Every structure is written in C-alpha cells, then in structure tokens.
file final-v8.cif (mmCIF, C-alpha atoms)
data_entry
loop_
_atom_site.label_atom_id
_atom_site.label_comp_id
_atom_site.auth_asym_id
_atom_site.auth_seq_id
_atom_site.Cartn_x
_atom_site.Cartn_y
_atom_site.Cartn_z
CA MET A 195 -14.05 141.26 29.90
CA SER A 196 -10.30 140.61 29.63
CA ILE A 197 -7.98 142.92 27.73
CA PHE A 198 -7.07 140.06 25.40
CA THR A 199 -10.72 139.44 24.49
CA VAL A 200 -11.36 143.13 23.82
CA ALA A 201 -8.13 143.52 21.82
CA SER A 202 -8.96 140.42 19.81
CA ARG A 203 -12.43 141.71 18.91
CA TYR A 204 -11.15 145.11 17.77
CA ALA A 205 -8.29 143.48 15.84
CA LYS A 206 -10.73 141.10 14.13
CA SER A 207 -12.96 144.03 13.19
CA LEU A 208 -10.04 145.87 11.61
CA LEU A 209 -8.93 142.68 9.85
CA ASP A 210 -12.42 142.22 8.37
CA LEU A 211 -12.57 145.87 7.27
CA ALA A 212 -9.13 145.67 5.64
CA GLN A 213 -10.18 142.50 3.78
CA GLU A 214 -13.39 144.18 2.57
CA GLN A 215 -11.39 147.14 1.28
CA GLY A 216 -8.75 144.91 -0.31
CA GLN A 217 -6.02 146.57 1.76
CA LEU A 218 -5.10 143.74 4.10
CA ASP A 219 -1.37 143.67 3.34
CA ALA A 220 -1.05 147.48 3.48
CA VAL A 221 -2.93 147.65 6.80
CA LYS A 222 -0.75 144.88 8.23
CA LYS A 223 2.40 146.78 7.25
CA ASP A 224 1.01 149.94 8.84
CA MET A 225 0.05 148.09 12.03
CA GLU A 226 3.57 146.67 12.29
CA SER A 227 4.94 150.22 12.17
CA VAL A 228 2.37 151.27 14.80
CA VAL A 229 3.56 148.43 17.07
CA SER A 230 7.14 149.56 16.54
CA VAL A 231 6.36 153.20 17.39
CA LEU A 232 4.32 152.29 20.47
CA LYS A 233 6.90 149.82 21.80
CA SER A 234 9.72 152.33 21.39
CA ASN A 235 7.88 155.23 23.03
CA SER A 236 6.90 154.59 26.65
CA GLU A 237 5.73 158.21 27.08
CA LEU A 238 3.17 157.77 24.31
CA LEU A 239 1.92 154.57 25.93
CA ALA A 240 1.65 156.36 29.27
CA ILE A 241 -0.41 159.14 27.66
CA LEU A 242 -2.75 156.65 25.98
CA LYS A 243 -3.25 154.78 29.26
CA ASN A 244 -3.79 157.90 31.37
CA PRO A 245 -7.54 158.37 32.06
CA ILE A 246 -7.01 162.01 33.05
CA ILE A 247 -5.87 163.06 29.57
CA SER A 248 -8.87 163.94 27.41
CA GLY A 249 -9.87 162.02 24.32
CA ASP A 250 -9.35 165.13 22.20
CA LYS A 251 -5.72 165.39 23.31
CA LYS A 252 -5.15 161.69 22.64
CA ARG A 253 -6.69 162.01 19.16
CA ASN A 254 -4.53 165.07 18.41
CA ILE A 255 -1.37 163.26 19.56
CA LEU A 256 -2.19 160.19 17.47
CA ALA A 257 -2.96 162.41 14.47
CA ALA A 258 0.33 164.29 14.86
CA ILE A 259 2.30 161.04 14.99
CA PHE A 260 0.50 158.87 12.45
CA GLU A 261 -1.52 161.03 10.00
CA GLY A 262 0.02 160.91 6.55
CA LYS A 263 2.26 158.00 7.55
CA ILE A 264 -0.34 155.26 7.80
CA SER A 265 -3.65 154.52 6.13
CA PRO A 266 -6.49 156.98 6.88
CA THR A 267 -8.60 153.90 7.71
CA ILE A 268 -6.28 153.06 10.60
CA VAL A 269 -6.21 156.66 11.84
CA SER A 270 -10.03 156.66 11.84
CA PHE A 271 -9.93 153.31 13.66
CA PHE A 272 -7.69 154.91 16.32
CA TYR A 273 -10.20 157.74 16.75
CA ILE A 274 -12.96 155.18 17.33
CA LEU A 275 -10.79 153.47 19.96
CA VAL A 276 -10.20 156.78 21.74
CA ASN A 277 -13.92 157.63 21.62
CA LYS A 278 -14.77 154.22 23.09
CA GLY A 279 -12.21 154.65 25.87
CA ARG A 280 -9.95 151.91 24.48
CA ALA A 281 -6.82 153.97 23.76
CA ALA A 282 -5.05 152.25 26.65
CA ILE A 283 -5.04 148.93 24.77
CA LEU A 284 -4.00 150.30 21.38
CA LEU A 285 -0.69 148.39 21.49
CA ASP A 286 -2.49 145.15 22.44
CA ILE A 287 -4.93 145.61 19.56
CA ALA A 288 -2.13 146.32 17.06
CA GLN A 289 -0.15 143.26 18.18
CA GLU A 290 -3.26 141.08 18.06
CA PHE A 291 -4.04 142.35 14.55
CA VAL A 292 -0.58 141.26 13.35
CA ARG A 293 -0.99 137.88 15.08
CA GLU A 294 -4.43 137.31 13.52
CA TYR A 295 -3.12 138.39 10.10
CA ASN A 296 -0.28 135.87 10.37
CA GLU A 297 -2.71 133.16 11.45
CA ALA A 298 -5.06 133.93 8.55
CA LYS A 299 -2.19 133.83 6.06
CA GLY A 300 -0.65 130.68 7.55
CA ILE A 301 2.52 132.49 8.64
CA VAL A 302 4.41 131.08 11.62
CA LYS A 303 6.95 132.97 13.72
CA ALA A 304 10.10 131.13 14.71
CA SER A 305 13.29 132.07 16.48
CA VAL A 306 16.78 130.67 16.48
CA THR A 307 18.93 131.54 19.47
CA SER A 308 22.66 131.16 18.92
CA ALA A 309 25.88 132.10 20.68
CA THR A 310 26.84 134.42 17.79
CA ALA A 311 24.80 136.05 15.06
CA LEU A 312 24.04 133.72 12.16
CA SER A 313 24.84 134.77 8.61
CA GLU A 314 22.03 135.67 6.22
CA ALA A 315 22.80 132.50 4.24
CA ASN A 316 22.51 130.31 7.35
CA LEU A 317 19.26 132.01 8.39
CA ALA A 318 17.81 131.59 4.89
CA GLU A 319 18.77 127.90 4.81
CA LEU A 320 17.31 127.27 8.28
CA GLN A 321 14.15 129.15 7.33
CA GLN A 322 13.81 126.98 4.24
CA ILE A 323 14.24 123.78 6.29
CA ILE A 324 11.63 124.87 8.86
CA THR A 325 9.23 125.92 6.08
CA GLY A 326 9.59 122.47 4.51
CA GLU A 327 9.01 120.71 7.82
CA ILE A 328 5.89 122.57 8.95
CA LYS A 329 4.48 123.34 5.50
CA ALA A 330 3.88 127.01 6.31
CA GLU A 331 5.56 130.33 5.64
CA VAL A 332 8.04 131.13 8.40
CA ILE A 333 9.30 134.44 9.76
CA LEU A 334 12.62 133.60 11.39
CA LYS A 335 14.31 135.85 13.95
CA ASN A 336 17.88 135.38 15.19
CA ILE A 337 18.51 136.02 18.90
CA VAL A 338 22.10 136.13 20.16
CA ASP A 339 22.78 134.61 23.59
CA PRO A 340 26.49 134.08 24.35
CA SER A 341 25.61 131.88 27.34
CA LEU A 342 24.77 129.05 24.90
CA ILE A 343 28.53 128.66 24.32
CA GLY A 344 27.87 127.13 20.88
CA GLY A 345 25.14 125.51 18.83
CA PHE A 346 21.59 126.85 18.69
CA VAL A 347 18.04 126.60 20.02
CA VAL A 348 15.16 126.72 17.53
CA ARG A 349 11.63 127.60 18.69
CA VAL A 350 8.63 127.23 16.40
CA GLY A 351 5.35 127.87 18.15
CA ASP A 352 5.33 125.65 21.24
CA ARG A 353 8.07 123.31 19.94
CA GLN A 354 11.75 123.68 20.78
CA ILE A 355 14.90 121.98 19.51
CA ASP A 356 17.91 122.52 21.76
CA ALA A 357 21.17 121.78 19.97
CA SER A 358 23.27 124.10 22.14
CA ILE A 359 26.36 123.15 24.08
CA ALA A 360 24.88 124.72 27.23
CA GLY A 361 21.75 122.59 26.78
CA LYS A 362 23.81 119.43 26.38
CA LEU A 363 25.86 120.30 29.49
CA ASN A 364 22.64 120.82 31.47
CA LYS A 365 21.32 117.41 30.35
CA LEU A 366 24.62 115.81 31.32
CA GLU A 367 24.54 117.51 34.73
CA LYS A 368 20.96 116.28 35.35
CA HIS A 369 21.96 112.77 34.31
CA PHE A 370 24.86 112.74 36.78
CA ALA A 371 22.67 114.23 39.53
CA ALA A 372 20.09 111.49 38.98
CA GLN A 373 22.83 108.86 39.21
CA GLY A 374 24.06 110.34 42.48
CA VAL A 375 27.53 111.11 41.11
#
call {"tool": "encode", "arguments": {"input": "final-v8.cif", "output": "structure tokens"}}
result
Amino acid sequence: MSIFTVASRYAKSLLDLAQEQGQLDAVKKDMESVVSVLKSNSELLAILKNPIISGDKKRNILAAIFEGKISPTIVSFFYILVNKGRAAILLDIAQEFVREYNEAKGIVKASVTSATALSEANLAELQQIITGEIKAEVILKNIVDPSLIGGFVVRVGDRQIDASIAGKLNKLEKHFAAQGV
C-alpha cells in the first residue's frame, strides 16, 4: 500500500474523531503546528523514520516535544501511530489531515509569486478577487522571485495566470523562434 494511501486513511480517521468530539478546528490548528515542527526539525524526522529506535523512545520523544502543547487526543493518536509502526509517515499524515480539513471546509490554497513582496493591502485585495471568482475561501501565500522582473504569477489549484514580465518575454521569445527570426 502506498504511503499516500496509508497517510490518507489515518488522516481521515483523525478528522472523523475530531468531528465527533467537536474539536475539528482546534485539532487542525494543532496539526498545522505539528507540520511546522516536523518540517523544521530534520533530526526528529530521522528519529521517527529510523526502524532501529524503539517505539518507547519515539513515544517519549514525541511526548517531550508535544505533550501540553497540543491536544491530548493528538498525542494519543501519535502513540497509536508509533505502536502500529507508522511513525515514519507522521509528517505525511499531518499534512494530509490539513489538506483533507481544507477540502472539507471548502478552503483553497493559492499563491502569488511576485518580483517583490506585496503589501498586506494588495494581498487582501487579490485574495478577495480570487475568493469572488472561485466562490471558495482562499488562503493566499506570497512568494518572492526577483527573476520575474515585474508583474506576478497567480496559482490556484491547477490553474495559473502569468502576468509577469519574464513570462511575457518568454512568450515573445517563443513566438520569434517559431517565426524563424
């Protein structure tokens, strides 16, 4: 069974449990902080993935890091994962939980890449425009890429709008190449 399938099943189980307990938003917030901790700590990920390290040590490490900071339900969920030998995919499960939560709530992630950082007012206005277009709540992230020269590239799901100067120059170059100039 693929890692994605396993991660999806565990994430769905936690999502269902959180809904039953009426703690869905709190669990989502906790899982986002878990993702942040795991992504920023490669040593912790290496420990969780190492089959030589015992389950007891993994549980103790997870308890030391997360107990008292996140919901006891999630800590217990982590213990189940360790007992089932699934600690190695803890990050995948946490990311999949956040993705499934967003899908269930109708939240869409979008990014706007620009040559310089956009102001909060510009981001808020763009977020409002995208929300109006797709009729869903949007989480908008600004990525800075000086190679765009100017303009921006907006990505929403699998759609992309390229209004960057670099993108226009590339189109112009392809046009001239096709013309044999």
call {"tool": "closest_atom_pairs", "arguments": {"input": "final-v8.cif", "of": "segment 266-342 of chain A", "to": "segment 350-357 of chain A", "cutoff": "8 Å", "atoms": "all atoms listed in the file", "output": "JSON lines"}}
result
{"residue": "A:Val302", "atom": "CA", "partner": "A:Gly351", "partner_atom": "CA", "distance": 7.3}
{"residue": "A:Lys303", "atom": "CA", "partner": "A:Val350", "partner_atom": "CA", "distance": 6.6}
{"residue": "A:Ala304", "atom": "CA", "partner": "A:Val350", "partner_atom": "CA", "distance": 4.5}
{"residue": "A:Ser305", "atom": "CA", "partner": "A:Val350", "partner_atom": "CA", "distance": 6.7}
call {"tool": "closest_residue", "arguments": {"input": "final-v8.cif", "among": "A:Phe260, A:Tyr295, A:Tyr204, A:Phe272", "to": "Ala220 of chain A", "atoms": "only C-alpha atoms"}}
result
A:Tyr295
call {"tool": "resolve_selection", "arguments": {"input": "final-v8.cif", "expression": "the PyMOL selection byres ((chain A and resi 333-341) around 8)", "output": "ChimeraX atom specification"}}
result
/A:301-312,317,321,331-332,342-344,360
call {"tool": "write_last_selection", "arguments": {"input": "final-v8.cif", "atoms": "C-alpha atoms", "output": "short mmCIF file (atom, residue, chain, number, x, y, z; two decimals), keeping the file's coordinate frame"}}
result
data_model
loop_
_atom_site.label_atom_id
_atom_site.label_comp_id
_atom_site.auth_asym_id
_atom_site.auth_seq_id
_atom_site.Cartn_x
_atom_site.Cartn_y
_atom_site.Cartn_z
CA ILE A 301 2.52 132.49 8.64
CA VAL A 302 4.41 131.08 11.62
CA LYS A 303 6.95 132.97 13.72
CA ALA A 304 10.10 131.13 14.71
CA SER A 305 13.29 132.07 16.48
CA VAL A 306 16.78 130.67 16.48
CA THR A 307 18.93 131.54 19.47
CA SER A 308 22.66 131.16 18.92
CA ALA A 309 25.88 132.10 20.68
CA THR A 310 26.84 134.42 17.79
CA ALA A 311 24.80 136.05 15.06
CA LEU A 312 24.04 133.72 12.16
CA LEU A 317 19.26 132.01 8.39
CA GLN A 321 14.15 129.15 7.33
CA GLU A 331 5.56 130.33 5.64
CA VAL A 332 8.04 131.13 8.40
CA LEU A 342 24.77 129.05 24.90
CA ILE A 343 28.53 128.66 24.32
CA GLY A 344 27.87 127.13 20.88
CA ALA A 360 24.88 124.72 27.23
#
call {"tool": "atom_distance", "arguments": {"input": "final-v8.cif", "atom1": "atom CA of Lys252 of chain A", "atom2": "atom CA of Asp224 of chain A"}}
result
19.1 Å
call {"tool": "closest_residue", "arguments": {"input": "final-v8.cif", "among": "A:Arg253, A:Lys263, A:Lys362, A:Arg203", "to": "Val231 of chain A", "atoms": "all atoms listed in the file"}}
result
A:Lys263
